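To be precise, the following lines are data.cif, and they hold mmCIF, C-alpha atoms.
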```cif
data_query
loop_
_atom_site.group_PDB
_atom_site.id
_atom_site.type_symbol
_atom_site.label_atom_id
_atom_site.label_comp_id
_atom_site.auth_asym_id
_atom_site.auth_seq_id
_atom_site.Cartn_x
_atom_site.Cartn_y
_atom_site.Cartn_z
ATOM 1 C CA ASP A 481 43.602 187.283 -19.519
ATOM 2 C CA THR A 482 43.716 190.714 -17.850
ATOM 3 C CA GLU A 483 43.906 192.756 -21.009
ATOM 4 C CA VAL A 484 42.054 195.924 -21.862
ATOM 5 C CA THR A 485 42.635 196.974 -25.465
ATOM 6 C CA GLN A 486 42.338 200.563 -26.625
ATOM 7 C CA THR A 487 42.438 201.896 -30.163
ATOM 8 C CA PRO A 488 43.929 203.967 -31.595
ATOM 9 C CA LYS A 489 47.135 204.427 -29.603
ATOM 10 C CA HIS A 490 47.655 207.908 -30.997
ATOM 11 C CA LEU A 491 45.185 210.363 -32.510
ATOM 12 C CA VAL A 492 45.616 213.841 -33.945
ATOM 13 C CA MET A 493 42.393 215.670 -34.738
ATOM 14 C CA GLY A 494 41.299 219.129 -35.704
ATOM 15 C CA MET A 495 38.801 221.120 -33.697
ATOM 16 C CA THR A 496 36.053 220.511 -36.255
ATOM 17 C CA ASN A 497 36.626 216.762 -36.570
ATOM 18 C CA LYS A 498 34.561 213.915 -35.179
ATOM 19 C CA LYS A 499 36.455 210.867 -33.953
ATOM 20 C CA SER A 500 35.908 207.916 -31.635
ATOM 21 C CA LEU A 501 38.073 206.107 -29.123
ATOM 22 C CA LYS A 502 37.439 202.417 -28.615
ATOM 23 C CA CYS A 503 37.996 200.098 -25.672
ATOM 24 C CA GLU A 504 37.454 196.350 -25.407
ATOM 25 C CA GLN A 505 37.760 193.786 -22.616
ATOM 26 C CA HIS A 506 36.908 190.102 -22.389
ATOM 27 C CA MET A 507 37.280 189.551 -18.659
ATOM 28 C CA GLY A 508 33.536 189.481 -18.001
ATOM 29 C CA HIS A 509 33.743 192.819 -16.214
ATOM 30 C CA ARG A 510 30.470 194.707 -15.979
ATOM 31 C CA ALA A 511 31.949 198.066 -14.925
ATOM 32 C CA MET A 512 33.897 200.146 -17.437
ATOM 33 C CA TYR A 513 35.495 203.546 -17.051
ATOM 34 C CA TRP A 514 36.979 206.459 -18.976
ATOM 35 C CA TYR A 515 39.765 208.489 -17.372
ATOM 36 C CA LYS A 516 41.606 211.542 -18.641
ATOM 37 C CA GLN A 517 45.246 212.183 -17.751
ATOM 38 C CA LYS A 518 47.105 215.411 -18.409
ATOM 39 C CA ALA A 519 50.889 215.501 -18.395
ATOM 40 C CA LYS A 520 52.458 215.058 -14.941
ATOM 41 C CA LYS A 521 49.043 214.685 -13.298
ATOM 42 C CA PRO A 522 47.112 211.641 -12.053
ATOM 43 C CA PRO A 523 44.248 210.120 -14.039
ATOM 44 C CA GLU A 524 40.878 211.758 -13.423
ATOM 45 C CA LEU A 525 37.582 209.923 -13.726
ATOM 46 C CA MET A 526 35.270 211.000 -16.546
ATOM 47 C CA PHE A 527 32.565 208.339 -16.859
ATOM 48 C CA VAL A 528 31.507 205.048 -15.262
ATOM 49 C CA TYR A 529 29.287 202.442 -16.896
ATOM 50 C CA SER A 530 27.725 199.696 -14.804
ATOM 51 C CA TYR A 531 25.929 196.903 -16.628
ATOM 52 C CA GLU A 532 26.036 198.971 -19.825
ATOM 53 C CA LYS A 533 24.289 201.924 -18.186
ATOM 54 C CA LEU A 534 25.949 205.263 -17.484
ATOM 55 C CA SER A 535 26.170 205.545 -13.706
ATOM 56 C CA ILE A 536 28.661 208.382 -13.189
ATOM 57 C CA ASN A 537 29.324 211.464 -15.326
ATOM 58 C CA GLU A 538 31.872 213.723 -13.653
ATOM 59 C CA SER A 539 30.408 216.882 -15.225
ATOM 60 C CA VAL A 540 32.231 216.206 -18.474
ATOM 61 C CA PRO A 541 31.501 218.634 -21.355
ATOM 62 C CA SER A 542 29.047 217.362 -23.932
ATOM 63 C CA ARG A 543 31.716 217.370 -26.639
ATOM 64 C CA PHE A 544 32.695 214.021 -25.034
ATOM 65 C CA SER A 545 29.964 211.423 -25.569
ATOM 66 C CA PRO A 546 30.401 207.934 -24.110
ATOM 67 C CA GLU A 547 28.685 204.828 -25.383
ATOM 68 C CA CYS A 548 28.605 201.227 -24.129
ATOM 69 C CA PRO A 549 27.124 199.093 -26.938
ATOM 70 C CA ASN A 550 27.605 195.814 -25.047
ATOM 71 C CA SER A 551 29.312 194.403 -21.991
ATOM 72 C CA SER A 552 32.709 194.124 -23.723
ATOM 73 C CA LEU A 553 32.913 197.440 -25.557
ATOM 74 C CA LEU A 554 33.184 201.070 -24.535
ATOM 75 C CA ASN A 555 33.436 203.996 -26.914
ATOM 76 C CA LEU A 556 34.167 207.674 -26.418
ATOM 77 C CA HIS A 557 32.889 209.896 -29.218
ATOM 78 C CA LEU A 558 34.701 213.189 -29.662
ATOM 79 C CA HIS A 559 33.316 216.268 -31.408
ATOM 80 C CA ALA A 560 34.414 219.901 -31.562
ATOM 81 C CA LEU A 561 37.253 219.421 -29.100
ATOM 82 C CA GLN A 562 39.517 222.173 -27.875
ATOM 83 C CA PRO A 563 43.332 222.131 -27.737
ATOM 84 C CA GLU A 564 43.122 221.870 -23.922
ATOM 85 C CA ASP A 565 41.433 218.485 -24.381
ATOM 86 C CA SER A 566 44.763 217.069 -25.549
ATOM 87 C CA ALA A 567 45.630 214.341 -23.046
ATOM 88 C CA LEU A 568 46.046 210.607 -22.493
ATOM 89 C CA TYR A 569 42.638 208.914 -22.397
ATOM 90 C CA LEU A 570 42.564 205.708 -20.399
ATOM 91 C CA CYS A 571 39.913 203.024 -20.365
ATOM 92 C CA ALA A 572 39.549 200.637 -17.443
ATOM 93 C CA SER A 573 37.307 197.790 -16.396
ATOM 94 C CA SER A 574 36.505 195.905 -13.214
ATOM 95 C CA HIS A 575 33.966 193.582 -11.726
ATOM 96 C CA HIS A 576 30.957 195.339 -10.327
ATOM 97 C CA ARG A 577 30.502 195.720 -6.569
ATOM 98 C CA GLY A 578 30.404 192.567 -4.524
ATOM 99 C CA TRP A 579 33.319 191.005 -6.406
ATOM 100 C CA SER A 580 36.996 191.824 -6.338
ATOM 101 C CA THR A 581 36.827 195.262 -7.897
ATOM 102 C CA GLU A 582 40.436 195.423 -9.012
ATOM 103 C CA ALA A 583 40.601 197.774 -11.990
ATOM 104 C CA PHE A 584 42.632 196.990 -15.105
ATOM 105 C CA PHE A 585 43.671 199.719 -17.516
ATOM 106 C CA GLY A 586 44.316 199.828 -21.224
ATOM 107 C CA GLN A 587 47.466 201.371 -22.637
ATOM 108 C CA GLY A 588 45.631 204.583 -23.450
ATOM 109 C CA THR A 589 45.022 206.798 -26.462
ATOM 110 C CA ARG A 590 47.281 209.823 -26.674
ATOM 111 C CA LEU A 591 45.078 212.541 -28.164
ATOM 112 C CA THR A 592 46.337 215.781 -29.679
ATOM 113 C CA VAL A 593 43.826 218.432 -30.721
ATOM 114 C CA VAL A 594 45.169 220.944 -33.242
ATOM 115 C CA GLY B 734 35.562 213.947 -1.809
ATOM 116 C CA ILE B 735 38.249 211.657 -0.502
ATOM 117 C CA GLN B 736 41.816 212.977 -0.376
ATOM 118 C CA VAL B 737 44.798 210.796 -1.311
ATOM 119 C CA GLU B 738 48.296 211.992 -0.484
ATOM 120 C CA GLN B 739 51.458 210.297 -1.679
ATOM 121 C CA SER B 740 54.981 210.872 -0.476
ATOM 122 C CA PRO B 741 57.615 211.606 -1.452
ATOM 123 C CA PRO B 742 56.649 213.353 -4.721
ATOM 124 C CA ASP B 743 60.068 212.639 -6.215
ATOM 125 C CA LEU B 744 62.671 210.039 -5.376
ATOM 126 C CA ILE B 745 66.089 209.448 -6.924
ATOM 127 C CA LEU B 746 67.945 206.228 -6.111
ATOM 128 C CA GLN B 747 71.074 204.412 -7.114
ATOM 129 C CA GLU B 748 70.554 200.960 -8.533
ATOM 130 C CA GLY B 749 70.411 198.414 -5.728
ATOM 131 C CA ALA B 750 68.942 200.758 -3.120
ATOM 132 C CA ASN B 751 65.717 200.134 -1.212
ATOM 133 C CA SER B 752 62.811 202.567 -0.891
ATOM 134 C CA THR B 753 59.420 203.054 0.760
ATOM 135 C CA LEU B 754 56.546 204.974 -0.817
ATOM 136 C CA ARG B 755 53.636 206.101 1.308
ATOM 137 C CA CYS B 756 49.938 206.692 0.586
ATOM 138 C CA ASN B 757 47.613 208.369 3.099
ATOM 139 C CA PHE B 758 43.882 208.642 2.542
ATOM 140 C CA SER B 759 41.312 210.761 4.314
ATOM 141 C CA ASP B 760 38.320 208.430 4.663
ATOM 142 C CA SER B 761 37.372 204.783 4.770
ATOM 143 C CA VAL B 762 37.752 203.002 1.459
ATOM 144 C CA ASN B 763 36.644 199.703 -0.001
ATOM 145 C CA ASN B 764 39.846 198.962 -1.792
ATOM 146 C CA LEU B 765 43.281 200.256 -2.632
ATOM 147 C CA GLN B 766 45.539 199.647 -5.613
ATOM 148 C CA TRP B 767 49.159 200.465 -6.419
ATOM 149 C CA PHE B 768 50.110 201.106 -10.050
ATOM 150 C CA HIS B 769 53.340 201.723 -11.932
ATOM 151 C CA GLN B 770 52.959 203.958 -14.968
ATOM 152 C CA ASN B 771 55.621 203.318 -17.544
ATOM 153 C CA PRO B 772 57.006 205.983 -19.919
ATOM 154 C CA TRP B 773 54.451 204.965 -22.573
ATOM 155 C CA GLY B 774 51.548 205.693 -20.234
ATOM 156 C CA GLN B 775 50.509 202.138 -19.428
ATOM 157 C CA LEU B 776 49.234 201.709 -15.879
ATOM 158 C CA ILE B 777 50.553 198.386 -14.636
ATOM 159 C CA ASN B 778 48.825 196.753 -11.691
ATOM 160 C CA LEU B 779 51.224 196.123 -8.836
ATOM 161 C CA PHE B 780 48.966 195.320 -5.910
ATOM 162 C CA TYR B 781 45.277 195.156 -5.115
ATOM 163 C CA ILE B 782 45.519 195.480 -1.344
ATOM 164 C CA PRO B 783 42.529 196.698 0.684
ATOM 165 C CA SER B 784 44.262 195.451 3.837
ATOM 166 C CA GLY B 785 47.172 193.325 4.990
ATOM 167 C CA THR B 786 50.504 192.621 3.344
ATOM 168 C CA LYS B 787 51.382 191.186 -0.053
ATOM 169 C CA GLN B 788 54.676 190.462 -1.751
ATOM 170 C CA ASN B 789 55.572 190.030 -5.398
ATOM 171 C CA GLY B 790 59.276 189.522 -6.045
ATOM 172 C CA ARG B 791 61.200 192.648 -5.037
ATOM 173 C CA LEU B 792 58.004 194.552 -4.328
ATOM 174 C CA SER B 793 55.774 194.351 -1.294
ATOM 175 C CA ALA B 794 52.889 196.400 0.034
ATOM 176 C CA THR B 795 51.122 196.874 3.336
ATOM 177 C CA THR B 796 47.767 198.563 3.936
ATOM 178 C CA VAL B 797 46.554 199.487 7.414
ATOM 179 C CA ALA B 798 42.980 200.457 6.630
ATOM 180 C CA THR B 799 42.106 201.426 10.207
ATOM 181 C CA GLU B 800 44.922 204.009 10.160
ATOM 182 C CA ARG B 801 44.256 205.022 6.549
ATOM 183 C CA TYR B 802 47.636 204.447 4.983
ATOM 184 C CA SER B 803 49.458 202.083 2.664
ATOM 185 C CA LEU B 804 53.155 201.525 2.028
ATOM 186 C CA LEU B 805 54.906 200.214 -1.082
ATOM 187 C CA TYR B 806 58.376 198.767 -0.584
ATOM 188 C CA ILE B 807 60.840 198.408 -3.445
ATOM 189 C CA SER B 808 63.986 196.443 -2.687
ATOM 190 C CA SER B 809 67.183 196.164 -4.740
ATOM 191 C CA SER B 810 65.874 198.762 -7.198
ATOM 192 C CA GLN B 811 66.630 198.463 -10.903
ATOM 193 C CA THR B 812 66.649 201.087 -13.654
ATOM 194 C CA THR B 813 63.493 199.489 -15.052
ATOM 195 C CA ASP B 814 61.686 200.443 -11.831
ATOM 196 C CA SER B 815 61.819 204.085 -12.944
ATOM 197 C CA GLY B 816 58.479 205.750 -13.609
ATOM 198 C CA VAL B 817 55.526 207.088 -11.680
ATOM 199 C CA TYR B 818 53.945 205.087 -8.870
ATOM 200 C CA PHE B 819 50.301 205.809 -8.139
ATOM 201 C CA CYS B 820 48.170 204.831 -5.213
ATOM 202 C CA ALA B 821 44.439 204.767 -5.954
ATOM 203 C CA VAL B 822 41.595 204.210 -3.521
ATOM 204 C CA GLU B 823 38.108 203.028 -4.261
ATOM 205 C CA ARG B 824 34.943 204.209 -2.603
ATOM 206 C CA GLU B 825 31.708 202.490 -3.391
ATOM 207 C CA GLU B 826 28.815 204.882 -3.761
ATOM 208 C CA THR B 827 25.210 204.447 -4.739
ATOM 209 C CA SER B 828 26.019 205.493 -8.286
ATOM 210 C CA GLY B 829 28.973 203.155 -8.673
ATOM 211 C CA SER B 830 32.594 202.616 -7.771
ATOM 212 C CA ARG B 831 35.194 205.241 -8.442
ATOM 213 C CA LEU B 832 38.975 205.223 -8.152
ATOM 214 C CA THR B 833 40.645 208.351 -6.806
ATOM 215 C CA PHE B 834 44.360 208.656 -7.499
ATOM 216 C CA GLY B 835 47.088 210.322 -5.501
ATOM 217 C CA GLU B 836 49.474 212.716 -7.243
ATOM 218 C CA GLY B 837 52.055 209.958 -7.619
ATOM 219 C CA THR B 838 55.707 209.441 -6.771
ATOM 220 C CA GLN B 839 58.177 209.979 -9.616
ATOM 221 C CA LEU B 840 60.937 207.410 -9.130
ATOM 222 C CA THR B 841 64.244 207.632 -10.957
ATOM 223 C CA VAL B 842 66.736 204.798 -10.549
ATOM 224 C CA ASN B 843 70.208 205.630 -11.817
ATOM 225 C CA PRO B 844 72.713 202.965 -12.909
#
```
Show me, as structure tokens, the structure contained in the file I just sent.
Amino acid sequence: DTEVTQTPKHLVMGMTNKKSLKCEQHMGHRAMYWYKQKAKKPPELMFVYSYEKLSINESVPSRFSPECPNSSLLNLHLHALQPEDSALYLCASSHHRGWSTEAFFGQGTRLTVV
Amino acid sequence: GIQVEQSPPDLILQEGANSTLRCNFSDSVNNLQWFHQNPWGQLINLFYIPSGTKQNGRLSATTVATERYSLLYISSSQTTDSGVYFCAVEREETSGSRLTFGEGTQLTVNP
């Protein structure tokens, strides 16, 4: 099984709302990632978790708050977003270093901030 | 940071044609992946190819790590091959692994 599951697939939220994106994998991967992709651009790394600890934060604004409650789950909490935050948010997972680190992506959450 | 350049940026083919997509990268990398992004946004793994040559049906890929490039070959293209093809390279750093993507090649296959 090489599946990464993201929910919801689509999300429309107002600038004062609080929402969460969820990501789940059962491949035994201990590295999980959040990427952001704007239209006609490549995905850009936001956060990396290794063994449930945040290891990379690419200077992401604090209105994005990641959480890794266990080795299978990754959340992205959203609060007070701006319209320019509208994008496709992709979750990925891979084995940690030392293994084959092939990354597998979920189908993404298409977020619209109104 | 590492630079990843893909060419061509856009490619239009007739069904049945062959094509070669190129990915150049500016520094040594641990690994390299090719993805196809479908119209719904899903990134589909094509190849995990840090070096050497692999084939999967009509697709094949070659990475020459010492010369810092990778090639993706598509033979007998079909309309379902349309979409964006990304090359992504991985560098392992003390803080963790990160994938850096090229800008992609937008492929359109016409019937």
Give me, as an mmCIF file with C-alpha atoms, keeping the file's coordinate frame, the residues of chain B touching chain A, with the criterion being at most 7 Å (counting all atoms listed in the file).
```cif
data_model
loop_
_atom_site.group_PDB
_atom_site.id
_atom_site.type_symbol
_atom_site.label_atom_id
_atom_site.label_comp_id
_atom_site.auth_asym_id
_atom_site.auth_seq_id
_atom_site.Cartn_x
_atom_site.Cartn_y
_atom_site.Cartn_z
ATOM 1 C CA GLY B 774 51.548 205.693 -20.234
ATOM 2 C CA GLN B 775 50.509 202.138 -19.428
ATOM 3 C CA LEU B 776 49.234 201.709 -15.879
ATOM 4 C CA TYR B 781 45.277 195.156 -5.115
ATOM 5 C CA SER B 828 26.019 205.493 -8.286
ATOM 6 C CA GLY B 829 28.973 203.155 -8.673
ATOM 7 C CA PHE B 834 44.360 208.656 -7.499
ATOM 8 C CA GLY B 835 47.088 210.322 -5.501
ATOM 9 C CA GLU B 836 49.474 212.716 -7.243
ATOM 10 C CA GLY B 837 52.055 209.958 -7.619
#
```
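Remark: for His509 of chain A, the closest of the candidate residues A:Leu553, A:Met493, A:Val593, A:Ala560 is A:Leu553 (distances computed over only C-alpha atoms).
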Please measure the separation of atom CA of Leu804 of chain B and atom CA of Asn757 of chain B, giving the value in Å to one decimal.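 Computing the Euclidean distance for atom CA of Leu804 of chain B and atom CA of Asn757 of chain B yields 8.9 Å.
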Name all residues at most 8 Å from Gly749 of chain B (count all atoms listed in the file; drop same-chain ones fewer than 2 positions away) and give them as a ChimeraX atom specification. /B:747,751,808-811
Take atom CA of Pro563 of chain A and atom CA of Glu738 of chain B and report the distance between them in Å, one decimal.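 It comes out at 29.5 Å.
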Arg543 of chain A environment, 12 Å, all atoms listed in the file, sequence neighbours closer than 2 positions dropped, as a list in words: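 Selected residues are Met495, Thr496, Asn497, Lys498, Lys499, Ser500, Ser539, Val540, Pro541, Ser545, Pro546, Leu556, His557, Leu558, His559, Ala560, Leu561, Gln562 and Asp565 of chain A.
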